[in-house]
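A quick write-up on the structure given underneath.
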Amino acid sequence: MDRFAVTLRLASPLVTGGGYMTLDALLAAVLFDSGETVEAAHAKVPLKNTQGLWHGSAAVYETLEVGRQAFVANLRATHDLTPDLIAKNKHGALHAKISLGRRRDFGPVMNGYQYLVAESLTWYGEGDSAAVERLLRTVRFIGKRRASGFGEVSGVEMSPSDVDGVVGMLGDPLRPVPLELFTGDKSAIRGDAAWKPAYWRPENRAICYLPSQN
Amino acid sequence: MNTYEFFMEHFGRHLIDAEGLTAAQGTEKALSSNYTTLKGTPSRLQSGWAVVRPGVSSLQLKITAKGIAYDNRTAMEAFIDELTTWDGDSPRIFLQFEKAPVPISNLFITVDRRLIRICSPKGVASFDMNVDPDSSATIVQRAIWKRLPK
């Protein structure tokens, strides 16, 4: 186990959609994309783990510019699948995003995103740095709207570090850390956050010490 | 402390029968179910506000559920009063209801004056209670800041 900093250089703006983008979440996502199950992907994250807390920081970056980008997609107004295969709402009807009364076969749906411009994303961690580097070298895009060209990665840099990915040099939290697991400066901001993968699971949320916003 | 366990212990359990449900499932059910109002009509939590706190929580909509304090004030009056009398440490959930149910992913426990959130179906408005709102501040934050005693 060694302590390291890893930086992904960005070639295009990034859409984060909020959240902390922790290193363990990124590594688990890479493993999941390589064909692992959700459970196996989380079990194989090559970082130190203390009582469920991964030693991988939230993404650290300097925002140079913020903007908004809208995408319009023409979606089919009706489902192609057999209705039996689609989840129903509580009234027993199919969920329909587009009003069939106003549309014909297709309907435009607009989604807006906030993007940010940053030169790079950096994480701090403790674990098998060689395995982390191997996994991150396969990342070509990061964040949301990757298929639209956002979050293009142009390079990976690894370097040794003094911090463990959980607590910074000044005792500040580098990632969401539950109150009972935090050993740093207790004057840090506290709030409600998911602190371990899978980050979308409601039971993985708790009151945590939180890293400062980028 | 988990968000949904806190919500259910201090608010949700007074609204629904949560037997056999996880805290998250109970929270979802509590936020989207119909309740009988004092007038006898069914209503979801689709207008008004609630403040979930340890002990007795407050709700504006008057329904027949016991164990909750019913409060006529506007959301702004209630939130400002809560924020000014709050010890800045014990947990609170500030809820502002609208026609659509509040998604459980939007729930947030506030435990720090520097990170206050008002949860609504549209999203979560976060702000630092000690800092002047800037041009990107939400309407709720501006309204609260304007009325907070300086």
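Following the order of the structure tokens, chains are lettered A, B, ..., residues in each are numbered from 1, and ligands are numbered from 1.
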
With chain B as the partner and 8 Å as the cut-off, tabulate the residues of chain A that qualify, each row holding the nearest pair of atoms and their distance in Å to one decimal, using only C-alpha atoms, sorted by chain and rising number, as a Markdown table.
```
| residue | atom | partner | partner_atom | distance |
| --- | --- | --- | --- | --- |
| A:Ile189 | CA | B:Asp112 | CA | 6.6 |
| A:Arg190 | CA | B:Asp112 | CA | 5.8 |
| A:Gly191 | CA | B:Val111 | CA | 6.0 |
| A:Asp192 | CA | B:Ile109 | CA | 5.4 |
| A:Pro202 | CA | B:Ala24 | CA | 6.3 |
| A:Glu203 | CA | B:Asn2 | CA | 6.8 |
| A:Asn204 | CA | B:Asn2 | CA | 7.7 |
| A:Arg205 | CA | B:Asn2 | CA | 5.7 |
| A:Ala206 | CA | B:Asn2 | CA | 4.6 |
| A:Ile207 | CA | B:Met1 | CA | 5.9 |
```

Output file for the residues above (N, CA and C atoms, as an mmCIF file, in the first residue's frame):
```cif
data_model
loop_
_atom_site.group_PDB
_atom_site.id
_atom_site.type_symbol
_atom_site.label_atom_id
_atom_site.label_comp_id
_atom_site.auth_asym_id
_atom_site.auth_seq_id
_atom_site.Cartn_x
_atom_site.Cartn_y
_atom_site.Cartn_z
ATOM 1 N N ILE A 189 -16.963 21.354 7.559
ATOM 2 C CA ILE A 189 -18.409 21.387 7.284
ATOM 3 C C ILE A 189 -18.984 19.981 7.384
ATOM 4 N N ARG A 190 -20.162 19.887 8.019
ATOM 5 C CA ARG A 190 -20.858 18.600 8.112
ATOM 6 C C ARG A 190 -22.125 18.645 7.272
ATOM 7 N N GLY A 191 -22.478 17.527 6.725
ATOM 8 C CA GLY A 191 -23.700 17.456 5.930
ATOM 9 C C GLY A 191 -24.018 16.019 5.594
ATOM 10 N N ASP A 192 -25.104 15.874 4.883
ATOM 11 C CA ASP A 192 -25.643 14.568 4.551
ATOM 12 C C ASP A 192 -25.048 14.121 3.212
ATOM 13 N N PRO A 202 -29.619 4.340 -0.994
ATOM 14 C CA PRO A 202 -30.012 5.219 0.118
ATOM 15 C C PRO A 202 -29.384 4.824 1.441
ATOM 16 N N GLU A 203 -29.187 3.526 1.686
ATOM 17 C CA GLU A 203 -28.655 3.116 2.987
ATOM 18 C C GLU A 203 -27.183 3.500 3.171
ATOM 19 N N ASN A 204 -26.524 3.943 2.108
ATOM 20 C CA ASN A 204 -25.116 4.332 2.221
ATOM 21 C C ASN A 204 -24.929 5.822 2.489
ATOM 22 N N ARG A 205 -26.022 6.492 2.860
ATOM 23 C CA ARG A 205 -25.916 7.913 3.202
ATOM 24 C C ARG A 205 -25.832 8.080 4.719
ATOM 25 N N ALA A 206 -25.111 9.102 5.157
ATOM 26 C CA ALA A 206 -24.954 9.370 6.588
ATOM 27 C C ALA A 206 -24.503 10.815 6.770
ATOM 28 N N ILE A 207 -24.561 11.288 8.001
ATOM 29 C CA ILE A 207 -23.992 12.611 8.297
ATOM 30 C C ILE A 207 -22.478 12.478 8.249
#
```

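Near Gly165 (chain A), within a cut-off of 9 Å and counting only C-alpha atoms, sit the residues Arg3, Phe4, Ala5, Leu23, Trp54, His55, Gly56, Ser57, Ala58, Trp123, Tyr124, Gly125, Glu126, Pro173, Leu174 and Arg175 of chain A, with same-chain residues fewer than 4 positions away left out.
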
Checklist entry - Among chain B, which ones does DSSP place in helix (DSSP H, G or I), written as an MDAnalysis selection string? => result chainID B and resid 3:15 23:32 75:85 104:106 139:147

All strand (DSSP E) positions in region 86-200 of chain A, as a PDB file with N, CA and C atoms, in the first residue's frame:
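Saved the output as result00.pdb:
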```
ATOM      1  N   PHE A 106     -42.888  10.742 -32.789  1.00  0.00           N
ATOM      2  CA  PHE A 106     -41.698  11.159 -32.050  1.00  0.00           C
ATOM      3  C   PHE A 106     -41.986  12.461 -31.306  1.00  0.00           C
ATOM      4  N   GLY A 107     -41.213  12.719 -30.298  1.00  0.00           N
ATOM      5  CA  GLY A 107     -41.368  13.977 -29.576  1.00  0.00           C
ATOM      6  C   GLY A 107     -40.025  14.439 -29.067  1.00  0.00           C
ATOM      7  N   PRO A 108     -39.716  15.744 -29.163  1.00  0.00           N
ATOM      8  CA  PRO A 108     -38.431  16.223 -28.672  1.00  0.00           C
ATOM      9  C   PRO A 108     -38.422  16.371 -27.153  1.00  0.00           C
ATOM     10  N   VAL A 109     -37.331  15.945 -26.544  1.00  0.00           N
ATOM     11  CA  VAL A 109     -37.154  16.078 -25.106  1.00  0.00           C
ATOM     12  C   VAL A 109     -35.838  16.831 -24.897  1.00  0.00           C
ATOM     13  N   MET A 110     -35.895  17.920 -24.134  1.00  0.00           N
ATOM     14  CA  MET A 110     -34.675  18.712 -23.928  1.00  0.00           C
ATOM     15  C   MET A 110     -34.137  18.495 -22.513  1.00  0.00           C
ATOM     16  N   ASN A 111     -32.848  18.260 -22.419  1.00  0.00           N
ATOM     17  CA  ASN A 111     -32.182  18.129 -21.124  1.00  0.00           C
ATOM     18  C   ASN A 111     -31.032  19.124 -21.056  1.00  0.00           C
ATOM     19  N   GLY A 112     -30.981  19.878 -19.976  1.00  0.00           N
ATOM     20  CA  GLY A 112     -29.912  20.863 -19.819  1.00  0.00           C
ATOM     21  C   GLY A 112     -28.869  20.385 -18.820  1.00  0.00           C
ATOM     22  N   TYR A 113     -27.615  20.709 -19.085  1.00  0.00           N
ATOM     23  CA  TYR A 113     -26.520  20.317 -18.187  1.00  0.00           C
ATOM     24  C   TYR A 113     -25.634  21.522 -17.926  1.00  0.00           C
ATOM     25  N   GLN A 114     -25.066  21.572 -16.734  1.00  0.00           N
ATOM     26  CA  GLN A 114     -24.029  22.557 -16.469  1.00  0.00           C
ATOM     27  C   GLN A 114     -22.686  21.894 -16.734  1.00  0.00           C
ATOM     28  N   TYR A 115     -21.847  22.563 -17.490  1.00  0.00           N
ATOM     29  CA  TYR A 115     -20.508  22.013 -17.691  1.00  0.00           C
ATOM     30  C   TYR A 115     -19.482  22.941 -17.075  1.00  0.00           C
ATOM     31  N   LEU A 116     -18.323  22.429 -16.818  1.00  0.00           N
ATOM     32  CA  LEU A 116     -17.250  23.285 -16.313  1.00  0.00           C
ATOM     33  C   LEU A 116     -15.975  22.991 -17.096  1.00  0.00           C
ATOM     34  N   VAL A 117     -15.139  24.016 -17.160  1.00  0.00           N
ATOM     35  CA  VAL A 117     -13.850  23.863 -17.832  1.00  0.00           C
ATOM     36  C   VAL A 117     -12.780  23.780 -16.748  1.00  0.00           C
ATOM     37  N   SER A 120      -7.523  19.844 -15.315  1.00  0.00           N
ATOM     38  CA  SER A 120      -7.266  18.479 -14.863  1.00  0.00           C
ATOM     39  C   SER A 120      -8.109  18.163 -13.633  1.00  0.00           C
ATOM     40  N   LEU A 121      -8.186  16.880 -13.324  1.00  0.00           N
ATOM     41  CA  LEU A 121      -8.819  16.397 -12.092  1.00  0.00           C
ATOM     42  C   LEU A 121      -7.756  15.627 -11.324  1.00  0.00           C
ATOM     43  N   THR A 122      -7.665  15.899 -10.025  1.00  0.00           N
ATOM     44  CA  THR A 122      -6.660  15.191  -9.209  1.00  0.00           C
ATOM     45  C   THR A 122      -7.335  14.474  -8.046  1.00  0.00           C
ATOM     46  N   TRP A 123      -6.871  13.288  -7.753  1.00  0.00           N
ATOM     47  CA  TRP A 123      -7.330  12.540  -6.582  1.00  0.00           C
ATOM     48  C   TRP A 123      -6.116  12.139  -5.748  1.00  0.00           C
ATOM     49  N   TYR A 124      -6.347  11.990  -4.446  1.00  0.00           N
ATOM     50  CA  TYR A 124      -5.339  11.449  -3.547  1.00  0.00           C
ATOM     51  C   TYR A 124      -5.846  10.109  -3.031  1.00  0.00           C
ATOM     52  N   GLY A 125      -4.937   9.173  -2.843  1.00  0.00           N
ATOM     53  CA  GLY A 125      -5.384   7.865  -2.382  1.00  0.00           C
ATOM     54  C   GLY A 125      -4.287   7.081  -1.702  1.00  0.00           C
ATOM     55  N   GLU A 126      -4.689   5.982  -1.096  1.00  0.00           N
ATOM     56  CA  GLU A 126      -3.742   5.042  -0.508  1.00  0.00           C
ATOM     57  C   GLU A 126      -4.164   3.653  -0.961  1.00  0.00           C
ATOM     58  N   GLY A 127      -3.221   2.927  -1.538  1.00  0.00           N
ATOM     59  CA  GLY A 127      -3.544   1.596  -2.040  1.00  0.00           C
ATOM     60  C   GLY A 127      -2.482   1.115  -2.997  1.00  0.00           C
ATOM     61  N   VAL A 153     -10.331  12.645 -21.650  1.00  0.00           N
ATOM     62  CA  VAL A 153      -9.077  12.535 -20.888  1.00  0.00           C
ATOM     63  C   VAL A 153      -7.906  12.456 -21.859  1.00  0.00           C
ATOM     64  N   SER A 154      -6.906  13.332 -21.645  1.00  0.00           N
ATOM     65  CA  SER A 154      -5.769  13.322 -22.575  1.00  0.00           C
ATOM     66  C   SER A 154      -4.499  12.765 -21.955  1.00  0.00           C
ATOM     67  N   GLY A 155      -4.536  12.453 -20.652  1.00  0.00           N
ATOM     68  CA  GLY A 155      -3.326  11.891 -20.048  1.00  0.00           C
ATOM     69  C   GLY A 155      -3.510  11.582 -18.575  1.00  0.00           C
ATOM     70  N   VAL A 156      -2.643  10.687 -18.070  1.00  0.00           N
ATOM     71  CA  VAL A 156      -2.694  10.290 -16.653  1.00  0.00           C
ATOM     72  C   VAL A 156      -1.310  10.510 -16.048  1.00  0.00           C
ATOM     73  N   GLU A 157      -1.270  11.142 -14.872  1.00  0.00           N
ATOM     74  CA  GLU A 157       0.018  11.340 -14.192  1.00  0.00           C
ATOM     75  C   GLU A 157      -0.107  10.841 -12.760  1.00  0.00           C
ATOM     76  N   MET A 158       0.891  10.056 -12.338  1.00  0.00           N
ATOM     77  CA  MET A 158       0.916   9.553 -10.960  1.00  0.00           C
ATOM     78  C   MET A 158       2.104  10.187 -10.242  1.00  0.00           C
ATOM     79  N   SER A 159       1.906  10.469  -8.967  1.00  0.00           N
ATOM     80  CA  SER A 159       3.040  10.951  -8.173  1.00  0.00           C
ATOM     81  C   SER A 159       2.852  10.533  -6.722  1.00  0.00           C
ATOM     82  N   PRO A 160       3.936  10.396  -5.961  1.00  0.00           N
ATOM     83  CA  PRO A 160       3.797  10.039  -4.544  1.00  0.00           C
ATOM     84  C   PRO A 160       3.161  11.194  -3.783  1.00  0.00           C
ATOM     85  N   VAL A 177     -16.742  11.724   4.934  1.00  0.00           N
ATOM     86  CA  VAL A 177     -16.332  10.761   5.964  1.00  0.00           C
ATOM     87  C   VAL A 177     -17.366  10.800   7.090  1.00  0.00           C
ATOM     88  N   PRO A 178     -17.993   9.665   7.430  1.00  0.00           N
ATOM     89  CA  PRO A 178     -18.954   9.668   8.535  1.00  0.00           C
ATOM     90  C   PRO A 178     -18.319  10.199   9.818  1.00  0.00           C
ATOM     91  N   ARG A 190     -20.162  19.887   8.019  1.00  0.00           N
ATOM     92  CA  ARG A 190     -20.858  18.600   8.112  1.00  0.00           C
ATOM     93  C   ARG A 190     -22.125  18.645   7.272  1.00  0.00           C
ATOM     94  N   GLY A 191     -22.478  17.527   6.725  1.00  0.00           N
ATOM     95  CA  GLY A 191     -23.700  17.456   5.930  1.00  0.00           C
ATOM     96  C   GLY A 191     -24.018  16.019   5.594  1.00  0.00           C
ATOM     97  N   ASP A 192     -25.104  15.874   4.883  1.00  0.00           N
ATOM     98  CA  ASP A 192     -25.643  14.568   4.551  1.00  0.00           C
ATOM     99  C   ASP A 192     -25.048  14.121   3.212  1.00  0.00           C
ATOM    100  N   ALA A 193     -24.423  12.954   3.164  1.00  0.00           N
ATOM    101  CA  ALA A 193     -23.816  12.511   1.899  1.00  0.00           C
ATOM    102  C   ALA A 193     -23.696  10.993   1.862  1.00  0.00           C
ATOM    103  N   ALA A 194     -23.622  10.465   0.658  1.00  0.00           N
ATOM    104  CA  ALA A 194     -23.288   9.052   0.489  1.00  0.00           C
ATOM    105  C   ALA A 194     -21.790   8.931   0.700  1.00  0.00           C
TER     106      ALA A 194
END
```

Next on the checklist: Taking 6 positions as the minimum chain separation for residues in the same chain, which residues sit within 12 Å of Thr85 (chain B) when counting only C-alpha atoms? Answer as number ranges by chain.
Outcome noted: B: 78-79, 113, 148-149

Using only C-alpha atoms, determine which residues lie at most 10 Å from Ser187 (chain A), disregarding the query and same-chain residues fewer than 5 positions distant; provide the list as a PDB file with N, CA and C atoms, in the first residue's frame.
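Contents of result.pdb, freshly written:
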```
ATOM      1  N   GLY A 171      -5.723  18.579   8.106  1.00  0.00           N
ATOM      2  CA  GLY A 171      -6.767  17.894   8.859  1.00  0.00           C
ATOM      3  C   GLY A 171      -8.131  17.993   8.211  1.00  0.00           C
ATOM      4  N   ASP A 172      -8.188  18.549   7.007  1.00  0.00           N
ATOM      5  CA  ASP A 172      -9.453  18.732   6.310  1.00  0.00           C
ATOM      6  C   ASP A 172      -9.899  17.426   5.650  1.00  0.00           C
ATOM      7  N   TYR A 209     -18.420  14.497   7.571  1.00  0.00           N
ATOM      8  CA  TYR A 209     -17.589  15.675   7.341  1.00  0.00           C
ATOM      9  C   TYR A 209     -17.345  15.732   5.834  1.00  0.00           C
TER      10      TYR A 209
END
```

Checklist entry - CA of Val56 (chain B) and CA of Ile68 (chain B), how far apart in Å? => result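 Separating CA of Ile68 (chain B) from CA of Val56 (chain B) is a distance of 5.8 Å.
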
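With CA of Gly52 (chain A) on one side and CA of Thr27 (chain B) on the other, the separation reads 24.7 Å.
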
Checklist entry - Could you pull the residues within 12 Å of region 36-41 of chain A, counting only C-alpha atoms, minus those fewer than 2 positions along the same chain, as a PyMOL selection string? => result chain A and resi 24-34+43-46+135+197-201

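Considering the residues B:Phe7, B:Trp86, B:Trp49, B:Phe94 and counting only C-alpha atoms, Lys29 (chain B) has its shortest atom-to-atom contact with B:Phe7.
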
Checklist entry - What's the 10 Å shell around Ala100 (chain B), counting only C-alpha atoms, without same-chain residues fewer than 3 positions away, as a ChimeraX atom specification? => result /B:31-32,44-47,97,103,120-122

Take the residues from that selection and put them in a file with N, CA and C atoms, as a PDB file, in the first residue's frame.
```pdb
ATOM      1  N   LEU B  31     -43.859  10.195   1.552  1.00  0.00           N
ATOM      2  CA  LEU B  31     -43.854  11.424   0.753  1.00  0.00           C
ATOM      3  C   LEU B  31     -44.826  11.379  -0.418  1.00  0.00           C
ATOM      4  N   SER B  32     -45.347  10.192  -0.734  1.00  0.00           N
ATOM      5  CA  SER B  32     -46.221  10.109  -1.917  1.00  0.00           C
ATOM      6  C   SER B  32     -47.619   9.586  -1.607  1.00  0.00           C
ATOM      7  N   ARG B  44     -52.275  14.488  -0.727  1.00  0.00           N
ATOM      8  CA  ARG B  44     -50.856  14.172  -0.563  1.00  0.00           C
ATOM      9  C   ARG B  44     -50.175  15.383   0.069  1.00  0.00           C
ATOM     10  N   LEU B  45     -48.915  15.224   0.402  1.00  0.00           N
ATOM     11  CA  LEU B  45     -48.130  16.368   0.876  1.00  0.00           C
ATOM     12  C   LEU B  45     -47.716  17.142  -0.378  1.00  0.00           C
ATOM     13  N   GLN B  46     -48.616  17.963  -0.889  1.00  0.00           N
ATOM     14  CA  GLN B  46     -48.371  18.613  -2.177  1.00  0.00           C
ATOM     15  C   GLN B  46     -48.384  20.145  -2.090  1.00  0.00           C
ATOM     16  N   SER B  47     -48.466  20.658  -0.899  1.00  0.00           N
ATOM     17  CA  SER B  47     -48.303  22.100  -0.711  1.00  0.00           C
ATOM     18  C   SER B  47     -47.868  22.311   0.731  1.00  0.00           C
ATOM     19  N   PHE B  97     -43.105  21.461   0.017  1.00  0.00           N
ATOM     20  CA  PHE B  97     -43.866  20.561  -0.854  1.00  0.00           C
ATOM     21  C   PHE B  97     -44.420  21.300  -2.068  1.00  0.00           C
ATOM     22  N   PRO B 103     -38.717  13.722  -4.336  1.00  0.00           N
ATOM     23  CA  PRO B 103     -37.980  12.458  -4.499  1.00  0.00           C
ATOM     24  C   PRO B 103     -37.080  12.213  -3.300  1.00  0.00           C
ATOM     25  N   SER B 120     -36.978  20.205  -1.988  1.00  0.00           N
ATOM     26  CA  SER B 120     -38.243  20.312  -2.718  1.00  0.00           C
ATOM     27  C   SER B 120     -38.177  19.377  -3.917  1.00  0.00           C
ATOM     28  N   PRO B 121     -39.310  19.193  -4.631  1.00  0.00           N
ATOM     29  CA  PRO B 121     -39.271  18.286  -5.789  1.00  0.00           C
ATOM     30  C   PRO B 121     -38.326  18.773  -6.880  1.00  0.00           C
ATOM     31  N   LYS B 122     -38.118  20.099  -6.960  1.00  0.00           N
ATOM     32  CA  LYS B 122     -37.281  20.641  -8.036  1.00  0.00           C
ATOM     33  C   LYS B 122     -35.801  20.426  -7.771  1.00  0.00           C
TER      34      LYS B 122
END
```

Item to check | Pick from B:Ala143, B:Ala30, B:Met8, B:Ile80, whichever lies nearest to Gly55 (chain B) using only C-alpha atoms | outcome: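 Looking only at the distances to Gly55 (chain B), the closest residue turns out to be B:Met8.
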
Next on the checklist: When you look at region 60-64 of chain B with a cut-off of 6 Å (counting only C-alpha atoms), what residues show up, excluding the ones that are within fewer than 3 positions of it in the same chain? I need them as number ranges by chain.
Outcome noted: B: 36-38, 48-49, 70-72
